[in-house]
Each structure stands twice: as C-alpha cells, then as structure tokens.
Amino acid sequence: MAKKSIDKWQFGDFQTPENLAKEVIETLKRNHAIQPDVIIEPSCGKGAFIRAAACGFSGSKILGFDINDQYVAEANSSVNGFFSSNEIQINQSDFFDTNWEYLIKNLPGYILILGNPPWVTSSELGLLNSKNLPAKSNFQNRRGIEAITGLGNFDISEWMLLRYVDWLSNRQGMIAILCKYSVARKVMRQIRQGRVTQFSGYIYLIDAKIHFGASVDACLFVLTVDIKHSGYEVYERLDLKQASYVIDDRDGFIVKNVDAYEKWKHLVGQDPHYIWRSGAKHDCSDVMELELVGNYLRNGLGELVDLESNYLYPLLKSSDIGNRRVKLNRRMVLMTQKSVGEDTSSISENAPKTWRYLSEHSSYLEKRASSIYKNKPPFSVFGVGEYTFTEWKIAISGLYKKLNFVVVGPINDRPVVFDDTVYFLSFYSAEEAEFIYKLVSSKPASELLESMIFWDEKRPITSEILRRLSFKALAQELAIEEQYFHWIQAISKSSQGQLKLRIAERNLAYLARQKDDVKKAGCI
Ligand SMILES: C[S@@+](CC[C@H](N)C(=O)[O-])C[C@H]1O[C@@H](n2cnc3c(N)ncnc32)[C@H](O)[C@@H]1O
C-alpha cells in the first residue's frame, strides 16, 4: 500500500467538505444560539471548521491544532488576512502529547470544542503498527475507560471525545463534533455512568457516504453543559429544527425512541415459555459444514466426504434467513452432541464413518482457540440443546438490518440448525410456530422492538433485545390471549429445564377444550 494511504488510514484522515462545516455552524447558531468566546478545533486538518467558525462567529478566538504540519500550513495560509474580526492561531501538535488541561484552564469564557476527530479504531492502528494512540498508562487510568478497553477495540474519536468532556467539567461550553453514531451513544453511556458533569445531548444524523464516501452511520454530536433534558434528541438532518425522536435510558438500557418505547412498554417482560436462543457454534466450518454437491458432500477443505446421516442436519445461515430462503439448504452441519458437554464417544458406534472423519480432522478441531472448547469432549459444539432439534422454529438474523422473522420447518424431515448469528424460538408444531409468528410480526411487537434497536450496530438484533418482548402481554394486547394460554398449557418443563410440548396437546381444537382448566389452574 502506498505510504500516503497508510498515513490517511492511521490518522483517520477524512477532511470535512467546506459546505458541511458551514452547515454545522449554521445548525449550532440556529438551534443552540451560542456565541462562544473561544473555539478549539483539536485536529483541524486543512481547516474547514476554522474557516466556517470564523465566518459564523465573529469575535470568537479560534485555536486550531493538527499533527500534520502540511495541513497546519495550508490552514494557516487559508485564513491569513481573511478574518479580521477573529484572533486565529493554528499550530502543529500531537493530540496525545498536548497539555490540554493547562491550555483550557487559561482560556476565559464559553468554549466551543469543534471539529471532526480521526476516523480510526485502535485495532486498525494495531494492524498498521501505528503509534497514533493514547499512551497506555494514561489511557488505562482514565475513569470509565475500562468499559472501552474491555471491548478490546475502540474508536480513537471516542477516546478524544471523553477527553473533551473532561475539559468541560466545571465550566460553560459545548462540544460539537462529527463522529460515528455508535460513538455518540458510547460516549453518552460513559457520561451517564462515570462523569460528574452532565450534558444535554443532540444528535444530527448526516450522510457519511455523500460527505466522506464512508459507509457508516455518522452524525454531528452536540453536547452542552446546561442540562435541559435527560434524553438525547435525534434530528434526522442538520437543517431540522425539531428532533424526530429521543434516545434515553429506560429500565436499565438505552432505547432508541423513548416515545415509541413508552407507548409499548407494557409489552416488555420475561417470557419463560418462549426463549430466544442463538444458533449453533462450532468454530470449524471447514470440517463441520458440508456443502451439498449433487449426491455428495464437500467440506470446506474441498474434500468429498461420505458420512452417515444421523449427525447431519440442514444448515441455514444468516444470509438464508435474511433472504427468507428456508425451504432448501445449501449446506449440512455436523451436530455431534444433543446437549452441551455430552459425551461424544458414542459416535464411534452410532456412525463409524462420521467418527473416522472427525478423528482424521481432529487437528482442525483441536486448533479452536476459544476457551469454551477446553476440557470438553472431542468434537464438541455449543449453542445446542433440546431446542436445537425441534422441527419448527421462528428465526431472525442478528446481522440483517430489518425485522424479518421467518417460520422455518424441517427440510427433508430433518430439523434445521442455524449458525450462531441467527436467533430463534423452537416449537414442536407448525400451528404453534404460526401462532407465535402472528404475535412477533404484529405492529405492536415491531414498534416496540424498533424502539430499542440501533440499526447501525454490527449485530443490531440481539437475543437480549428479543427476550424483552413478552408474548403473554402481546397476546393480551392483540386480544388473543386465550390462544396463548392454550399453547403454554401445552408446554411442560422437562427435568433439565428444557421446554417440551406434550405431543397429545398439540392440536388447537383439543387445546380449546382445555380453556376452563387453564383458568382454574391460575394461569390467567
Ligand atoms: C477526520 S480528519 C478531520 C480534519 C478536520 N478536523 C476536518 O474536519 O476537516 C482528522 C484529522 O485528525 C488529524 N490527526 C490525526 N491524529 C492526530 C493526532 N494524534 N493529533 C492531532 N491531530 C491528529 C489528522 O491529521 C486529520 O487532519
């Protein structure tokens, strides 16, 4: 890779277009009516925000900094002699070596921290072997930072934003920066958890594809020291005066749309009868997943394989579920266990060819790094239980950016197994699956789930979010609670705590006759 592009990468270098910087300043003036005494652009690049700020805020002192001396020179010559009503100083400086506390302490009045910090993550910098990172000791000692390091990867802009937040503790000011929408939410969480100074938050969504050619959800993130409201207002565009919705904490988690959540929060609740699970995990697709090639099976190593059918199941992946391709499978998966930790030695008797295949490829399976496989029977899989092998399921991909539930039945009389990016509920009958599908795809369910899902997350849909939906409450909302009680009456807990449907009770007509008994049993 050319040196120039490596530098662009490691310095997260996406210069803000002039018109976007101007629009940002207009938004701050129109919606926030500020007149800052001092404006700081901590990584000003070629100076788009310096020029826009000088045009918009006459009389403000403007301080710009950037690590790149060519940019600093360019920014300086672009302002020299043009903005007589502003004192402007632009200097070369590495953000991580600058004594910001000293600088800020000596600045009077209302401070606006403005700009567009580097768009790069710590893991990308690791790949590039770059030193453009906060010093480790300083970094790890920071309040609230454990949460970031715990993730293993963090956006440099997130770290910088938390520093800006610290600079404004105990003084008047505003932060207005362009960043990923996900970074704004992480900072919001950090402020709430660990910071003494609280802020009002505003998020103006911008189209990063148009402005920066970047495929990421981005925003102008504004934090003001005055606390006007606890939630963070979200504006769909920079030119809007009215927020479209408000993000806030509700019941221990951050919800995307407070009004929609409040409308449907009576549908939130644990449902012990229908538990969302994630698909199976084996971490060795080359050996465990087999492509159907005519009458043959081919593994990921390109070998044609002949195996007994008893441990093979049709596999559907996120892409199949997301695209509703559920009638046919392209792959089979070896499910070596019926429950986590089950002894696998019986495979040698039940399916000698499968046992030989697994033994011959044991080196691939033994290489699996995750600690979950340590001290477990050979060829173990995870995310497996009685629920894996029921014939009927409702599935949704955690990766797709759509609430797209689908009923999945057996393929060639075999229950379907999903990969671990799919979430599903399991049922023993098509009727029950269809009934729950009606609930989960209803308008109230969609609106409640939508109010909690941030679609820009890598995995926007999680089992944690899905599990917040109470099917009982939903059935009551849709006035079909009797059917719900019929079905749960038909479920009994096995000794292992797995949910099991009594075969004799599968029939809806039969269940309808049990209505009164259910009531008497105190389920209603
Ligand atoms: C996303 S660009 C934005 C530039 C400018 N703020 C704008 O809006 O056009 C990020 C800038 O951060 C600068 N930068 C990267 N690492 C830095 C560091 N450690 N200290 C100071 N500036 C840095 C880059 O040189 C680049 O100009």
# chains A, B, ... in the order shown; residues from 1 in each chain; ligands from 1
>>> residues_near_ligand(ligand="ligand 1", cutoff="8 Å", atoms="only C-alpha atoms and all ligand atoms", output="ChimeraX atom specification")
/A:8,10-17,21,41-49,65-68,71,92-96,115-119,132-133,178
>>> residues_around(residues="stretch 323-338 of chain A", least_positions_apart="6", cutoff="9 Å", atoms="only C-alpha atoms", output="PyMOL selection string")
chain A and resi 280+282+285+287-293+297+311-316+344+347+354+379-382+384-386+388-389+404-412+416-417
>>> closest_atom_pairs(of="stretch 274-309 of chain A", to="stretch 444-467 of chain A", cutoff="8 Å", atoms="only C-alpha atoms", output="CSV")
residue,atom,partner,partner_atom,distance
A:Ile275,CA,A:Arg467,CA,6.8
A:Trp276,CA,A:Ser463,CA,5.9
A:Arg277,CA,A:Ser463,CA,6.7
A:Ser278,CA,A:Ser463,CA,7.1
>>> closest_residue(among="A:Gln193, A:Asn299, A:Thr224, A:Tyr181", to="A:Lys256", atoms="only C-alpha atoms")
A:Tyr181
>>> residues_around(residues="stretch 53-61 of chain A", least_positions_apart="5", cutoff="7 Å", atoms="only C-alpha atoms", output="ChimeraX atom specification")
/A:25,35-39,83,85-88
>>> closest_residue(among="A:Ser363, A:Tyr423, A:Leu20, A:Ala243", to="A:Ala208", atoms="only C-alpha atoms")
A:Leu20
>>> select_by_dssp(residues="stretch 55-230 of chain A", states="strand (DSSP E or B)", output="ChimeraX atom specification")
/A:61-66,87-92,111-115,121,155,173-180,200-207,217-224
>>> atom_distance(atom1="atom CA of A:Glu431", atom2="atom CA of A:Arg414")
17.9 Å
>>> atom_distance(atom1="atom CA of A:Phe82", atom2="atom CA of A:Ala33")
24.4 Å
>>> atom_distance(atom1="atom CA of A:Phe221", atom2="atom CA of A:Arg192")
15.8 Å
